[in-house]
Amino acid sequence: MADKDIPGIHPYDQPAGGWGALRATAKAVFEQMNAPEAAVTLFRTNKPYALRSKRPEGFDCPGCAWPDKKHTSTFQFCENGAKAVTWEATRKRVPPEFFAAHTVTELLGWSDYQLEDEGRLTHPMAYNAEKDIYEAVDWDVAVARIGEILRNQADPDTVEFYTSGCASNEAAFLYQLFAREYGTNNFPDCSNMCHEATSVGLPQAIGIGKGTVSLDDFDHCELIIAMGHNPGTNHPRMMGTLQEVARRGAPIIVFNPLKERALERFTDPQNPVEMATFSSTPIASTYLQVRIGGDAAALKGVMKSLLEMDDASAPGSGVLDHAFIAEHTRGFEELAADVRATSWQDIEARSGLPMQALRDVAAAYAKSNATIITYGMGLTQHHQGTQNVQQVANLLLMRGNFGKPGAGICPLRGHSNVQGDRTVGITEKPGADMLRRIEETFGFKPPDTHGHDAVAAMQAISEGRSKVLICLGGNLAVAMPDPQRCFPGMRGLELSVHIGTKLNRSHLLTGMNKDDLAERGIEPGDEILVETAIGQGPERQLAKVIAVAYSIARGSVATYYPEANCLVPLDYNDQASGTPSYKSIPVRIVRAHAE
């Protein structure tokens, strides 16, 4: 069977964006809102003020975390942004009558898409266990019930306060203040599942857990190295920035196991010339399909090439910034010794990339006077995610690519306010200065014992040590790994509170390299079984998966999350940061037996 004959798989040879994006946007928008409503709402997106009244009625797009320089056009949104805004601002509603007609047991059988597509909740709802349905309650009653159970907890540390990136700065600040006055630093949040490796690794490497570049730096960079992220899907407004960089001739080198169309070529839907001429802009000048989990080896290969080039240079003309290294870094000799001791054979085996390709990257990097490295969860959600992040910083330090225009490190967040929540105090490890200022300003002494991150919180819930979970947005049960363990734990809570606007549930297509499929006697379209292969805990399987031949590095497979979270043990994570290793789970692929 050819891929084109597999349900859900359709060939698409066009660039990302363009007319395809406009058609998809229109279809998605009008499923949720009528045309006048959609126009009014979307024209307020990413603008500080409404167009006509000049009143502060605009809002920041929840679609991604990419910022804007200036608001210069009427249309300040992309395909994903329009979908995200209208999905939340939908005219669909879920009244109490809906819950009277559907038991919780029935709703658990619905997909997450079906649940959310029903629309926005209209009332506070409380679960009636005898009837197995949710029933409407007054706000005062709901708050009183929650307060009573919280007051009756013998230990505040038995309560978990989860925060989603959907929360605003103001709400998140008040939320952390309430929890700390209650007496705990248990703040599992969505950043624990995505960029905690950044928050832990970068302070150790460069002294700050955030990116070091602004949008202006992209105007001055001479090279971008993009690792482990797909801007077309996860931060689409970045495509405009990458398109500008590509058009002025700066190379963009991509490391990604999967071929992503947006990183190959892009048509800007807001560019009338490209739209009218059906033209596009090539984005990646070099596209390297690194093996999953091979990023650190690839980075080491680039470093090894730099050291070789520096050794071969005449005195005083090396490719490394020795003055910067001497003045601003420590540990260079140890790093260099480790890199020199690593063989090219090992680097090629681990990265899946040939030596010459990595030497070419090093040559481009050595030529650039200002380099930005961007990275996403393709680097952080690994068993050695913190080390991956630190290796990115090490590569930048070797040529002094910090503290100057057009250079630096750029971790790419997916949700619109993950960083904002952390900045206003959503952290299980608060610093002494922050706690002191809370005490001085608000008149109570907050706890100083470190609390639970997302993994520790779910471990405590599954083991019965935590009794209460309060979620400010998000879909924690589905986002976490190991639903076989997490779902029963959450069902056993004394109280579970979800502050949200829609319902959620707190098969599949798997992409494989065509040669890997052939080697295993699997045809595209075959049903396969995916098994976790780490020798840890009970057997974990994902059944009824359809094999699809895809442009991906050999020895690697890709599938959808959260559906495949059942393959990831809760305890299988980056030990330095606690980030679940969603993207480095060894698996076995077995052809399913015909029934």
# chains A, B, ... in the order shown; residues from 1 in each chain; ligands from 1
call {"tool": "select_by_dssp", "arguments": {"residues": "segment 170-302 of chain A", "states": "alpha helix (DSSP H)", "output": "PyMOL selection string"}}
result
chain A and resi 170-182+196-206+215-220+231-234+238-247+261-264+272-277+295-302
call {"tool": "residues_around", "arguments": {"residues": "Arg436 of chain A", "least_positions_apart": "5", "cutoff": "12 Å", "atoms": "only C-alpha atoms", "output": "PyMOL selection string"}}
result
chain A and resi 430-431+441-448
call {"tool": "write_last_selection", "arguments": {"atoms": "C-alpha atoms", "output": "mmCIF file, in the first residue's frame"}}
result
data_model
loop_
_atom_site.group_PDB
_atom_site.id
_atom_site.type_symbol
_atom_site.label_atom_id
_atom_site.label_comp_id
_atom_site.auth_asym_id
_atom_site.auth_seq_id
_atom_site.Cartn_x
_atom_site.Cartn_y
_atom_site.Cartn_z
ATOM 1 C CA PRO A 430 11.714 29.900 44.944
ATOM 2 C CA GLY A 431 14.810 31.957 45.658
ATOM 3 C CA THR A 441 5.136 43.232 50.823
ATOM 4 C CA PHE A 442 2.263 41.000 51.909
ATOM 5 C CA GLY A 443 2.950 40.439 55.594
ATOM 6 C CA PHE A 444 3.158 36.654 55.798
ATOM 7 C CA LYS A 445 6.126 34.295 55.840
ATOM 8 C CA PRO A 446 6.011 31.985 52.816
ATOM 9 C CA PRO A 447 7.384 28.440 53.068
ATOM 10 C CA ASP A 448 11.005 28.043 52.007
#
call {"tool": "closest_residue", "arguments": {"among": "A:Thr374, A:Thr423, A:Gln289, A:Ser466", "to": "Ile224 of chain A", "atoms": "only C-alpha atoms"}}
result
A:Thr374
call {"tool": "residues_around", "arguments": {"residues": "Cys190 of chain A", "least_positions_apart": "4", "cutoff": "12 Å", "atoms": "only C-alpha atoms", "output": "PyMOL selection string"}}
result
chain A and resi 161-167+194-196+413-422+426-427+453-455+471-480+579-580
call {"tool": "select_by_dssp", "arguments": {"residues": "segment 209-346 of chain A", "states": "strand (DSSP E)", "output": "PyMOL selection string"}}
result
chain A and resi 223-227+252-255+265-267+281-282+286-288
call {"tool": "residues_around", "arguments": {"residues": "segment 172-175 of chain A", "least_positions_apart": "2", "cutoff": "7 Å", "atoms": "only C-alpha atoms", "output": "PDB file with C-alpha atoms, in the first residue's frame"}}
result
ATOM      1  CA  ALA A 167      -2.801  31.641  32.561  1.00  0.00           C
ATOM      2  CA  SER A 168      -2.146  35.375  32.467  1.00  0.00           C
ATOM      3  CA  ASN A 169       0.635  36.998  34.484  1.00  0.00           C
ATOM      4  CA  GLU A 170      -1.862  38.597  36.848  1.00  0.00           C
ATOM      5  CA  LEU A 177       0.532  34.124  46.342  1.00  0.00           C
ATOM      6  CA  PHE A 178      -2.557  32.215  47.492  1.00  0.00           C
ATOM      7  CA  ALA A 179      -0.749  28.859  47.479  1.00  0.00           C
ATOM      8  CA  ASP A 421       4.128  32.434  34.649  1.00  0.00           C
ATOM      9  CA  VAL A 424       5.759  36.060  38.313  1.00  0.00           C
ATOM     10  CA  GLY A 425       6.552  33.268  40.756  1.00  0.00           C
ATOM     11  CA  ILE A 426       5.278  29.925  39.473  1.00  0.00           C
TER      12      ILE A 426
END
call {"tool": "atom_distance", "arguments": {"atom1": "atom CA of Thr241 of chain A", "atom2": "atom CA of Val85 of chain A"}}
result
21.7 Å
call {"tool": "residues_around", "arguments": {"residues": "Lys92 of chain A", "least_positions_apart": "4", "cutoff": "10 Å", "atoms": "only C-alpha atoms", "output": "list of chain:residue names"}}
result
A:Glu31, A:Gln32, A:Met33, A:Trp87, A:Glu88, A:Glu116, A:Asp117, A:Glu118, A:Gly119, A:Arg120, A:Leu121
call {"tool": "write_last_selection", "arguments": {"atoms": "N, CA and C atoms", "output": "compact mmCIF listing (two decimals), in the first residue's frame"}}
result
# COMPACT_ATOMS: atom_id res chain seq x y z
N GLU A 31 -16.09 27.23 11.53
CA GLU A 31 -16.69 26.15 12.30
C GLU A 31 -16.99 26.60 13.73
N GLN A 32 -16.34 27.69 14.17
CA GLN A 32 -16.49 28.14 15.55
C GLN A 32 -17.26 29.45 15.69
N MET A 33 -17.17 30.33 14.69
CA MET A 33 -17.77 31.66 14.80
C MET A 33 -18.35 32.07 13.45
N TRP A 87 -11.00 29.16 18.37
CA TRP A 87 -11.28 27.94 19.15
C TRP A 87 -11.68 28.31 20.57
N GLU A 88 -11.01 29.33 21.13
CA GLU A 88 -11.34 29.77 22.49
C GLU A 88 -12.56 30.68 22.51
N GLU A 116 -13.49 19.19 23.60
CA GLU A 116 -13.27 20.63 23.51
C GLU A 116 -14.17 21.27 22.46
N ASP A 117 -14.48 20.55 21.41
CA ASP A 117 -15.28 21.11 20.33
C ASP A 117 -16.74 21.34 20.73
N GLU A 118 -17.15 20.79 21.86
CA GLU A 118 -18.50 21.07 22.34
C GLU A 118 -18.67 22.54 22.72
N GLY A 119 -17.57 23.21 23.07
CA GLY A 119 -17.66 24.64 23.37
C GLY A 119 -17.28 25.00 24.78
N ARG A 120 -17.63 26.21 25.17
CA ARG A 120 -17.23 26.77 26.46
C ARG A 120 -18.24 26.42 27.55
N LEU A 121 -17.72 26.12 28.72
CA LEU A 121 -18.56 25.83 29.88
C LEU A 121 -19.29 27.10 30.32
call {"tool": "atom_distance", "arguments": {"atom1": "atom CA of Arg350 of chain A", "atom2": "atom CA of Asp516 of chain A"}}
result
16.8 Å
call {"tool": "residues_around", "arguments": {"residues": "His229 of chain A", "least_positions_apart": "5", "cutoff": "6 Å", "atoms": "only C-alpha atoms", "output": "NGL selection string"}}
result
:A and (375-376 or 378)
call {"tool": "write_last_selection", "arguments": {"atoms": "C-alpha atoms", "output": "mmCIF file, in the first residue's frame"}}
result
data_model
loop_
_atom_site.group_PDB
_atom_site.id
_atom_site.type_symbol
_atom_site.label_atom_id
_atom_site.label_comp_id
_atom_site.auth_asym_id
_atom_site.auth_seq_id
_atom_site.Cartn_x
_atom_site.Cartn_y
_atom_site.Cartn_z
ATOM 1 C CA TYR A 375 16.149 25.254 19.825
ATOM 2 C CA GLY A 376 12.934 23.682 21.028
ATOM 3 C CA GLY A 378 13.441 18.401 20.328
#
call {"tool": "closest_residue", "arguments": {"among": "A:Trp139, A:Phe324, A:Tyr365, A:Phe77", "to": "Met239 of chain A", "atoms": "only C-alpha atoms"}}
result
A:Phe77
call {"tool": "closest_residue", "arguments": {"among": "A:Leu288, A:Ala100, A:Met238, A:Ala363", "to": "Leu412 of chain A", "atoms": "only C-alpha atoms"}}
result
A:Met238
call {"tool": "residues_around", "arguments": {"residues": "Gly578 of chain A", "least_positions_apart": "6", "cutoff": "12 Å", "atoms": "only C-alpha atoms", "output": "number ranges by chain"}}
result
A: 188-189, 191-201, 380-386, 452-459, 570-572
call {"tool": "write_last_selection", "arguments": {"atoms": "N, CA and C atoms", "output": "compact mmCIF listing (two decimals), in the first residue's frame"}}
result
# COMPACT_ATOMS: atom_id res chain seq x y z
N PRO A 188 3.64 22.34 40.34
CA PRO A 188 3.86 21.70 39.04
C PRO A 188 3.29 22.60 37.95
N ASP A 189 4.00 22.75 36.86
CA ASP A 189 3.47 23.58 35.78
C ASP A 189 3.93 23.04 34.44
N SER A 191 5.77 24.13 32.17
CA SER A 191 7.18 24.27 31.78
C SER A 191 8.01 23.08 32.25
N ASN A 192 7.56 22.39 33.32
CA ASN A 192 8.28 21.20 33.78
C ASN A 192 8.30 20.12 32.71
N MET A 193 7.32 20.15 31.83
CA MET A 193 7.21 19.11 30.80
C MET A 193 7.85 19.53 29.48
N CYS A 194 8.33 20.77 29.39
CA CYS A 194 8.88 21.20 28.10
C CYS A 194 10.27 21.81 28.24
N HIS A 195 10.40 22.96 28.91
CA HIS A 195 11.67 23.67 28.92
C HIS A 195 12.32 23.73 30.31
N GLU A 196 12.00 22.78 31.18
CA GLU A 196 12.67 22.77 32.48
C GLU A 196 14.17 22.53 32.32
N ALA A 197 14.53 21.77 31.30
CA ALA A 197 15.96 21.56 31.03
C ALA A 197 16.65 22.88 30.72
N THR A 198 15.94 23.80 30.10
CA THR A 198 16.48 25.15 29.87
C THR A 198 16.61 25.90 31.17
N SER A 199 15.56 25.86 31.99
CA SER A 199 15.56 26.59 33.26
C SER A 199 16.64 26.10 34.21
N VAL A 200 16.99 24.82 34.11
CA VAL A 200 18.04 24.26 34.97
C VAL A 200 19.41 24.38 34.31
N GLY A 201 19.49 24.06 33.03
CA GLY A 201 20.79 23.99 32.36
C GLY A 201 21.41 25.33 32.03
N THR A 380 15.10 19.41 24.55
CA THR A 380 14.89 19.39 26.00
C THR A 380 14.20 18.14 26.50
N GLN A 381 13.28 17.56 25.72
CA GLN A 381 12.49 16.43 26.21
C GLN A 381 13.23 15.11 25.97
N HIS A 382 14.44 15.05 26.51
CA HIS A 382 15.30 13.88 26.35
C HIS A 382 15.89 13.50 27.71
N HIS A 383 16.41 12.28 27.76
CA HIS A 383 16.99 11.78 29.00
C HIS A 383 18.19 12.62 29.42
N GLN A 384 18.85 13.26 28.47
CA GLN A 384 19.98 14.15 28.76
C GLN A 384 19.66 15.56 28.25
N GLY A 385 18.43 16.00 28.46
CA GLY A 385 18.00 17.29 27.94
C GLY A 385 18.80 18.46 28.47
N THR A 386 19.11 18.45 29.75
CA THR A 386 19.89 19.54 30.34
C THR A 386 21.27 19.62 29.70
N HIS A 452 6.94 20.44 44.81
CA HIS A 452 6.88 19.43 43.74
C HIS A 452 6.85 20.08 42.37
N ASP A 453 7.63 19.52 41.43
CA ASP A 453 7.44 19.84 40.02
C ASP A 453 6.38 18.88 39.48
N ALA A 454 6.18 18.86 38.15
CA ALA A 454 5.09 18.07 37.59
C ALA A 454 5.27 16.57 37.83
N VAL A 455 6.48 16.06 37.62
CA VAL A 455 6.72 14.63 37.82
C VAL A 455 6.57 14.26 39.29
N ALA A 456 7.18 15.05 40.18
CA ALA A 456 7.08 14.76 41.62
C ALA A 456 5.63 14.85 42.09
N ALA A 457 4.87 15.80 41.56
CA ALA A 457 3.47 15.94 41.94
C ALA A 457 2.67 14.71 41.52
N MET A 458 2.89 14.24 40.30
CA MET A 458 2.13 13.09 39.84
C MET A 458 2.58 11.81 40.55
N GLN A 459 3.84 11.73 40.91
CA GLN A 459 4.29 10.60 41.72
C GLN A 459 3.57 10.60 43.07
N LEU A 570 6.57 7.32 34.01
CA LEU A 570 6.60 8.57 34.76
C LEU A 570 7.99 8.85 35.31
N ASP A 571 8.73 7.80 35.66
CA ASP A 571 10.05 7.98 36.27
C ASP A 571 11.18 8.06 35.24
N TYR A 572 10.86 8.02 33.96
CA TYR A 572 11.88 8.07 32.91
C TYR A 572 12.03 9.52 32.46
call {"tool": "closest_residue", "arguments": {"among": "A:Leu435, A:Ile528, A:Leu396, A:Pro481", "to": "Pro562 of chain A", "atoms": "only C-alpha atoms"}}
result
A:Pro481
call {"tool": "atom_distance", "arguments": {"atom1": "atom CA of Tyr560 of chain A", "atom2": "atom CA of Ser280 of chain A"}}
result
28.5 Å
call {"tool": "closest_atom_pairs", "arguments": {"of": "segment 322-413 of chain A", "to": "segment 539-558 of chain A", "cutoff": "10 Å", "atoms": "only C-alpha atoms", "output": "tab-separated table"}}
result
residue	atom	partner	partner_atom	distance
A:Ser351	CA	A:Ala553	CA	9.5
A:Gly352	CA	A:Ala553	CA	7.3
A:Leu353	CA	A:Ala553	CA	9.1
call {"tool": "closest_residue", "arguments": {"among": "A:Arg151, A:Lys304, A:Lys259, A:Arg591", "to": "Gly521 of chain A", "atoms": "only C-alpha atoms"}}
result
A:Arg591
